[in-house]
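Structure, as structure tokens:
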Amino acid sequence: VNACVDVVLSGVKLLEALGLEPSDGKNHAVLTSRQELREAFAHFMERGAAAERFFSDAEAFQDIARTASEHPAAQLYVGGNAALIGQKLATNPDLKILLCGPVGPKLHELLDDNVVVPPESMQERDEFHLILEYQAGEQWGRVRAPAANRFIFSHDLSNGALNMLEVFVSSLDEFQPDLVVLSGLHMMEGQSKEMRQRRLMEAVASISDIPTDIPIHLELASMTDQDFMSNIVHQQVFPLVNSIGLNEQELLFLTQSASGPHASLASWSGIPDVGVVSDILFWILKEHGKTAERASDLTRIHFHTLAYHILVTVDGHWGNQAAAVAAGARAAGTQACATDTIDTSKVFLKAPLEFVTSHTEAPSKISLNPDEPVVQWHREGISFHFTPVLVCKDPVRTVGLGDAISAEGLLYSEAYPQ
């Protein structure tokens with residue numbers, strides 16, 4: 001239910017166009033000024049980490065957005081996890097996609113013909129999200145980026161209030177979907193605590209109205225409020241969805257927020273350790289997923305990080321996992337390089353060739369075999385499918401990569417009727 005227009009450009013070029021000098025990095029949970037934008041951008045650029053923030057001053061944001069969208073180097077694209085997943089699925093000519101997000105004139109023009117937008121979803125003005133990219137090794141003042149990534153910010157009230165969720169759920173009767181994909185919960189962080197709590201309860205009531213025979217996938221995104229994340233996990237949303245998609249930042253934040261394994265880890269250093277990742281994924285499904293005793297629908301997690309992906313499923317609920325995780329990895333390599341198929345001269349392998357599968361129980365050690373790139377292992381009724389990613393050396397575009405990966409993985413996943 002989140003959709004917008006992404007304005008993509010070099011972060012350094014925008015900050016220069018705004019007349020902002022390089023500064024020391026400082027993390028801000030919410031941005032209130034150009035100065036805080038400058039500090040937060042430097043903070044994440046220095047770490048090569050992706051982040052997303054709400055910009056609270058509407059007028060200041062409109063000024064920055066105007067400068068950004070009129071910059072000669074700026075590119076305008078479909079944005080918002082829901083719209084991006086919809087666009088990716090719409091490239092399959094046999095699929096029809098229903099998208100309910102705040103759709104303005106520019107976004108409507110950019111959407112694929114296979115994407116249906118109900119009239120109630122249309123609005124007069126587009127919601128703009130600014131995506132400041134930086135390349136590996138790029139410098140801004142004394143800050144040097146260790147990896148290519150991007151910093152995203154917006155002042156987006158419509159998506160932030162999940163305004164289109166009820167429109168979406170009420171449109172499902174007529175549309176009769178085979179799969180529902182939800183995203184945009186992270187956009188609610190710009191709301192007051194009271195408003196957010198109320199809206200989350202309404203969202204939960206709405207999601208509960210979706211017929212139980214339709215699988216629901218929830219795509220997570222960068223968040224900063226641990227209480228809010230804890231609510232989503234413990235009480236409300238996780239038990240209602242069948243599948244979630246997330247990356248390494250979101251996974252670590254989730255375990256920190258909900259007191260899971262390895263919660264004392266402050267941040268990843270380099271490539272996330274496979275054993276640590278699989279411990280946290282196992283815990284999510286064991287503690288919050290479907291079991292004989294627990295009324296939860298959650299049975300699938302698609303984890304993606306730059307170097308590898310893991311698809312984790314509760315046995316008996318999903319099929320075709322090897323193809324699904326491989327398809328997601330292939331999508332990562334082709335979309336980042338903007339090629340139709342994997343071009344071996346443009347990609348490299350970053351995944352560990354040997355790893356242990358756990359740090360909390362007796363682990364098995366796995367060595368990758370290039371002839372069989374999808375490795376699987378099992379743990380107490382839960383199956384893990386791991387594959388390395390052929391990483392693009394010079395990424396053309398990193399925005400929406402996680403959404404493309406999740407969409408492609410879903411396309412190849414077989415949900416068994418329960």
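Naming scheme: A, B, ... for chains in displayed order of the structure tokens; residues 1 onward per chain; ligands 1 onward as shown.
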Picked from stretch 92-147 of chain A by DSSP as strand (DSSP E), as a compact mmCIF listing (two decimals) with N, CA, C and O atoms, in the first residue's frame:
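File written: part.txt
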```txt
# COMPACT_ATOMS: atom_id res chain seq x y z
N ILE A 97 -1.94 -7.08 -11.78
CA ILE A 97 -1.57 -6.59 -10.45
C ILE A 97 -2.54 -5.50 -10.03
O ILE A 97 -2.81 -4.57 -10.80
N LEU A 98 -3.03 -5.58 -8.80
CA LEU A 98 -3.83 -4.51 -8.22
C LEU A 98 -2.93 -3.72 -7.28
O LEU A 98 -2.33 -4.29 -6.37
N VAL A 115 -0.68 -3.07 -14.36
CA VAL A 115 -0.98 -2.65 -12.98
C VAL A 115 -2.30 -1.87 -12.96
O VAL A 115 -2.44 -0.83 -13.60
N VAL A 116 -3.28 -2.41 -12.23
CA VAL A 116 -4.60 -1.79 -12.12
C VAL A 116 -4.63 -0.92 -10.87
O VAL A 116 -4.27 -1.38 -9.78
N PHE A 128 6.75 12.36 -3.35
CA PHE A 128 8.13 12.18 -3.81
C PHE A 128 9.01 11.62 -2.70
O PHE A 128 8.89 12.04 -1.55
N HIS A 129 9.87 10.66 -3.05
CA HIS A 129 10.89 10.16 -2.13
C HIS A 129 12.25 10.46 -2.76
O HIS A 129 12.46 10.17 -3.94
N LEU A 130 13.15 11.01 -1.98
CA LEU A 130 14.47 11.36 -2.51
C LEU A 130 15.47 10.28 -2.16
O LEU A 130 15.60 9.89 -0.99
N ILE A 131 16.15 9.79 -3.18
CA ILE A 131 17.08 8.68 -3.00
C ILE A 131 18.48 9.15 -3.38
O ILE A 131 18.77 9.40 -4.55
N LEU A 132 19.30 9.31 -2.35
CA LEU A 132 20.65 9.85 -2.56
C LEU A 132 21.63 8.69 -2.65
O LEU A 132 21.91 8.03 -1.65
N GLU A 133 22.14 8.46 -3.85
CA GLU A 133 23.05 7.33 -4.07
C GLU A 133 24.50 7.78 -3.89
O GLU A 133 24.83 8.95 -4.06
N TYR A 134 25.34 6.80 -3.52
CA TYR A 134 26.79 7.05 -3.53
C TYR A 134 27.48 5.76 -3.97
O TYR A 134 26.95 4.66 -3.78
N GLN A 139 34.06 10.03 -2.30
CA GLN A 139 34.42 10.88 -1.16
C GLN A 139 33.54 12.11 -1.08
O GLN A 139 33.10 12.64 -2.10
N TRP A 140 33.25 12.50 0.15
CA TRP A 140 32.59 13.79 0.41
C TRP A 140 33.26 14.36 1.64
O TRP A 140 33.10 13.84 2.74
N VAL A 143 34.72 12.01 4.43
CA VAL A 143 33.96 10.75 4.44
C VAL A 143 34.20 9.99 3.14
O VAL A 143 34.15 10.58 2.06
N ARG A 144 34.47 8.69 3.29
CA ARG A 144 34.69 7.85 2.10
C ARG A 144 33.79 6.61 2.22
O ARG A 144 33.80 5.92 3.24
```
Need to verify the contact set: stretch 77-93 of chain A, 9 Å, only C-alpha atoms, exclusion of same-chain residues closer than 4 positions in sequence. Can you return it as number ranges by chain?
A: 1-8, 97-101, 106-108, 110-115, 128-129, 159, 181-184, 219-221, 399-400, 402-408, 411
Residue nearest A:Trp268 - candidates A:Val204, A:Val12, A:Leu185, A:Ala49, atoms counted: only C-alpha atoms:
A:Ala49
Please give the complete set of residues from stretch 318-388 of chain A that DSSP, run on the backbone, assigns to helix (DSSP H, G or I), formatted as a ChimeraX atom specification.
/A:321-337,344-346
With C-alpha atoms retained, write the just-selected residues as a PDB file, in the first residue's frame.
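Writing done, so here's result00.pdb:
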```
ATOM      1  CA  GLN A 321      12.239 -23.228  -2.568  1.00  0.00           C
ATOM      2  CA  ALA A 322      15.488 -23.940  -4.455  1.00  0.00           C
ATOM      3  CA  ALA A 323      14.119 -22.328  -7.630  1.00  0.00           C
ATOM      4  CA  ALA A 324      12.634 -19.433  -5.654  1.00  0.00           C
ATOM      5  CA  VAL A 325      15.839 -18.501  -3.827  1.00  0.00           C
ATOM      6  CA  ALA A 326      17.888 -18.915  -7.039  1.00  0.00           C
ATOM      7  CA  ALA A 327      15.448 -16.729  -9.001  1.00  0.00           C
ATOM      8  CA  GLY A 328      15.767 -14.009  -6.350  1.00  0.00           C
ATOM      9  CA  ALA A 329      19.563 -14.143  -6.546  1.00  0.00           C
ATOM     10  CA  ARG A 330      19.464 -14.003 -10.342  1.00  0.00           C
ATOM     11  CA  ALA A 331      17.138 -10.968 -10.189  1.00  0.00           C
ATOM     12  CA  ALA A 332      19.649  -9.205  -7.907  1.00  0.00           C
ATOM     13  CA  GLY A 333      22.506  -9.704 -10.382  1.00  0.00           C
ATOM     14  CA  THR A 334      20.581  -8.731 -13.495  1.00  0.00           C
ATOM     15  CA  GLN A 335      18.702  -5.743 -12.072  1.00  0.00           C
ATOM     16  CA  ALA A 336      21.734  -4.149 -10.387  1.00  0.00           C
ATOM     17  CA  CYS A 337      23.721  -4.422 -13.642  1.00  0.00           C
ATOM     18  CA  THR A 344      29.700 -12.962 -16.037  1.00  0.00           C
ATOM     19  CA  SER A 345      32.163 -10.192 -16.888  1.00  0.00           C
ATOM     20  CA  LYS A 346      30.121  -7.733 -14.813  1.00  0.00           C
TER      21      LYS A 346
END
```
Just checking: using only C-alpha atoms, which residue out of A:Glu380, A:Asp213, A:Glu166, A:Asp63 ends up closest to A:Lys286?
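Ranking A:Glu380, A:Asp213, A:Glu166, A:Asp63 by distance to A:Lys286, first place goes to A:Glu380.
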Coordinates-based distance that separates atom CA of A:Val167 from atom CA of A:Gln418 (Å, one decimal)
27.3 Å
Distance query A:Arg379 at most 10 Å, only C-alpha atoms, self and fewer than 5 positions along chain excluded, as a PyMOL selection string
chain A and resi 282+314+357-358+361+384
Would you mind telling me which residue in A:Ala161, A:Leu246, A:Leu172, A:Ala145 lies nearest to A:Ile214 when using only C-alpha atoms?
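The answer is A:Leu172, which sits nearest to A:Ile214.
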Can you list, as number ranges by chain, every protein, DNA or RNA residue that comes within 10 Å of A:Thr212 when you count only C-alpha atoms, leaving out same-chain residues fewer than 3 positions away?
A: 207-209, 215-216, 240-242, 297, 418
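Between atom CA of A:Ser56 and atom CA of A:Arg198 lies a distance of 20.2 Å.
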For A:Asn231, work out the shell of residues within 10 Å, counting only C-alpha atoms and skipping chain neighbours fewer than 6 positions away, then give it as an MDAnalysis selection string.
chainID A and resid 197 200 237:238 257:258
Now that the selection is made, can you save its residues with all heavy atoms as a compact mmCIF listing (two decimals), in the first residue's frame?
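Output file out_3.txt is given in full below:
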```txt
# COMPACT_ATOMS: atom_id res chain seq x y z
N GLN A 197 -0.14 3.73 16.92
CA GLN A 197 -0.71 2.57 17.60
C GLN A 197 -2.15 2.34 17.14
O GLN A 197 -2.55 1.22 16.85
CB GLN A 197 -0.64 2.79 19.13
CG GLN A 197 -0.74 1.52 19.95
CD GLN A 197 0.14 0.37 19.43
OE1 GLN A 197 1.27 0.55 19.01
NE2 GLN A 197 -0.40 -0.84 19.43
N LEU A 200 -2.10 1.10 13.56
CA LEU A 200 -1.64 -0.29 13.48
C LEU A 200 -2.78 -1.25 13.84
O LEU A 200 -2.97 -2.27 13.19
CB LEU A 200 -0.43 -0.51 14.41
CG LEU A 200 0.29 -1.86 14.25
CD1 LEU A 200 0.86 -2.03 12.85
CD2 LEU A 200 1.41 -2.00 15.27
N VAL A 237 1.22 -8.10 13.70
CA VAL A 237 1.21 -8.36 12.27
C VAL A 237 1.79 -9.73 11.90
O VAL A 237 1.22 -10.45 11.06
CB VAL A 237 1.98 -7.25 11.51
CG1 VAL A 237 1.87 -7.44 10.01
CG2 VAL A 237 1.40 -5.88 11.89
N PHE A 238 2.90 -10.13 12.52
CA PHE A 238 3.55 -11.39 12.13
C PHE A 238 2.60 -12.59 12.12
O PHE A 238 2.64 -13.39 11.19
CB PHE A 238 4.78 -11.67 13.01
CG PHE A 238 6.04 -11.01 12.50
CD1 PHE A 238 5.99 -9.84 11.76
CD2 PHE A 238 7.29 -11.58 12.75
CE1 PHE A 238 7.15 -9.23 11.28
CE2 PHE A 238 8.46 -10.97 12.27
CZ PHE A 238 8.39 -9.80 11.54
N SER A 257 15.09 -5.60 18.73
CA SER A 257 13.81 -5.07 19.23
C SER A 257 13.03 -6.10 20.01
O SER A 257 12.28 -5.77 20.93
CB SER A 257 12.93 -4.59 18.06
OG SER A 257 13.62 -3.66 17.27
N ALA A 258 13.16 -7.38 19.60
CA ALA A 258 12.32 -8.42 20.20
C ALA A 258 13.13 -9.38 21.07
O ALA A 258 12.68 -10.48 21.39
CB ALA A 258 11.59 -9.18 19.09
```
So that I can see what lies close to A:Leu349, please list as an MDAnalysis selection string the residues with an atom at most 10 Å from it, counting only C-alpha atoms and leaving out residues fewer than 6 positions away in the same chain.
chainID A and resid 307:308 388:393
Grab the residues selected above and save them as a PDB file, in the first residue's frame with all heavy atoms.
```
ATOM      1  N   ALA A 307      25.600 -10.386  -0.541  1.00  0.00           N
ATOM      2  CA  ALA A 307      26.424 -11.528  -0.952  1.00  0.00           C
ATOM      3  C   ALA A 307      25.663 -12.844  -1.096  1.00  0.00           C
ATOM      4  O   ALA A 307      26.093 -13.743  -1.810  1.00  0.00           O
ATOM      5  CB  ALA A 307      27.571 -11.711   0.043  1.00  0.00           C
ATOM      6  N   TYR A 308      24.538 -12.975  -0.381  1.00  0.00           N
ATOM      7  CA  TYR A 308      23.798 -14.247  -0.444  1.00  0.00           C
ATOM      8  C   TYR A 308      22.346 -14.054  -0.011  1.00  0.00           C
ATOM      9  O   TYR A 308      21.998 -13.028   0.580  1.00  0.00           O
ATOM     10  CB  TYR A 308      24.468 -15.311   0.446  1.00  0.00           C
ATOM     11  CG  TYR A 308      24.508 -14.989   1.923  1.00  0.00           C
ATOM     12  CD1 TYR A 308      23.434 -15.299   2.759  1.00  0.00           C
ATOM     13  CD2 TYR A 308      25.622 -14.365   2.504  1.00  0.00           C
ATOM     14  CE1 TYR A 308      23.460 -14.993   4.111  1.00  0.00           C
ATOM     15  CE2 TYR A 308      25.654 -14.055   3.860  1.00  0.00           C
ATOM     16  CZ  TYR A 308      24.565 -14.374   4.665  1.00  0.00           C
ATOM     17  OH  TYR A 308      24.579 -14.069   6.002  1.00  0.00           O
ATOM     18  N   PRO A 388      24.519 -18.227  -3.019  1.00  0.00           N
ATOM     19  CA  PRO A 388      25.313 -17.002  -3.175  1.00  0.00           C
ATOM     20  C   PRO A 388      24.689 -16.115  -4.259  1.00  0.00           C
ATOM     21  O   PRO A 388      23.904 -16.593  -5.071  1.00  0.00           O
ATOM     22  CB  PRO A 388      26.685 -17.512  -3.624  1.00  0.00           C
ATOM     23  CG  PRO A 388      26.451 -18.866  -4.171  1.00  0.00           C
ATOM     24  CD  PRO A 388      25.219 -19.413  -3.528  1.00  0.00           C
ATOM     25  N   VAL A 389      25.031 -14.844  -4.244  1.00  0.00           N
ATOM     26  CA  VAL A 389      24.567 -13.909  -5.274  1.00  0.00           C
ATOM     27  C   VAL A 389      25.754 -13.541  -6.152  1.00  0.00           C
ATOM     28  O   VAL A 389      26.865 -13.349  -5.654  1.00  0.00           O
ATOM     29  CB  VAL A 389      23.994 -12.624  -4.621  1.00  0.00           C
ATOM     30  CG1 VAL A 389      23.675 -11.562  -5.672  1.00  0.00           C
ATOM     31  CG2 VAL A 389      22.753 -12.961  -3.808  1.00  0.00           C
ATOM     32  N   LEU A 390      25.518 -13.471  -7.452  1.00  0.00           N
ATOM     33  CA  LEU A 390      26.535 -12.924  -8.354  1.00  0.00           C
ATOM     34  C   LEU A 390      26.365 -11.407  -8.298  1.00  0.00           C
ATOM     35  O   LEU A 390      25.427 -10.847  -8.848  1.00  0.00           O
ATOM     36  CB  LEU A 390      26.349 -13.480  -9.770  1.00  0.00           C
ATOM     37  CG  LEU A 390      26.677 -14.978  -9.850  1.00  0.00           C
ATOM     38  CD1 LEU A 390      26.112 -15.594 -11.111  1.00  0.00           C
ATOM     39  CD2 LEU A 390      28.177 -15.213  -9.772  1.00  0.00           C
ATOM     40  N   VAL A 391      27.268 -10.761  -7.578  1.00  0.00           N
ATOM     41  CA  VAL A 391      27.128  -9.336  -7.249  1.00  0.00           C
ATOM     42  C   VAL A 391      27.634  -8.472  -8.396  1.00  0.00           C
ATOM     43  O   VAL A 391      28.732  -8.704  -8.923  1.00  0.00           O
ATOM     44  CB  VAL A 391      27.928  -9.006  -5.963  1.00  0.00           C
ATOM     45  CG1 VAL A 391      27.772  -7.538  -5.586  1.00  0.00           C
ATOM     46  CG2 VAL A 391      27.490  -9.906  -4.816  1.00  0.00           C
ATOM     47  N   CYS A 392      26.843  -7.476  -8.758  1.00  0.00           N
ATOM     48  CA  CYS A 392      27.228  -6.575  -9.843  1.00  0.00           C
ATOM     49  C   CYS A 392      28.425  -5.709  -9.413  1.00  0.00           C
ATOM     50  O   CYS A 392      28.400  -5.112  -8.341  1.00  0.00           O
ATOM     51  CB  CYS A 392      26.033  -5.690 -10.184  1.00  0.00           C
ATOM     52  SG  CYS A 392      26.316  -4.698 -11.637  1.00  0.00           S
ATOM     53  N   LYS A 393      29.459  -5.669 -10.259  1.00  0.00           N
ATOM     54  CA  LYS A 393      30.669  -4.887  -9.910  1.00  0.00           C
ATOM     55  C   LYS A 393      30.381  -3.390  -9.904  1.00  0.00           C
ATOM     56  O   LYS A 393      30.820  -2.666  -9.014  1.00  0.00           O
ATOM     57  CB  LYS A 393      31.784  -5.157 -10.935  1.00  0.00           C
ATOM     58  CG  LYS A 393      32.386  -6.550 -10.843  1.00  0.00           C
ATOM     59  CD  LYS A 393      33.398  -6.750 -11.985  1.00  0.00           C
ATOM     60  CE  LYS A 393      33.865  -8.195 -12.050  1.00  0.00           C
ATOM     61  NZ  LYS A 393      34.600  -8.485 -13.292  1.00  0.00           N
TER      62      LYS A 393
END
```
Pick out the residues sitting within 10 Å of A:Ala60, and hand them over as a ChimeraX atom specification; count only C-alpha atoms, and ignore anything fewer than 2 positions along from it in its own chain.
/A:32-34,55-58,62-65,155
Quick check, in Å to one decimal: how far apart do atom CA of A:Pro211 and atom CA of A:Arg294 lie?
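If I compute the distance from atom CA of A:Pro211 to atom CA of A:Arg294, I get 19.2 Å.
Minimum atom-to-atom distance to A:Thr339, evaluated using only C-alpha atoms, belongs to A:Val396 out of A:Ala292, A:Leu285, A:Val396, A:Ala147.
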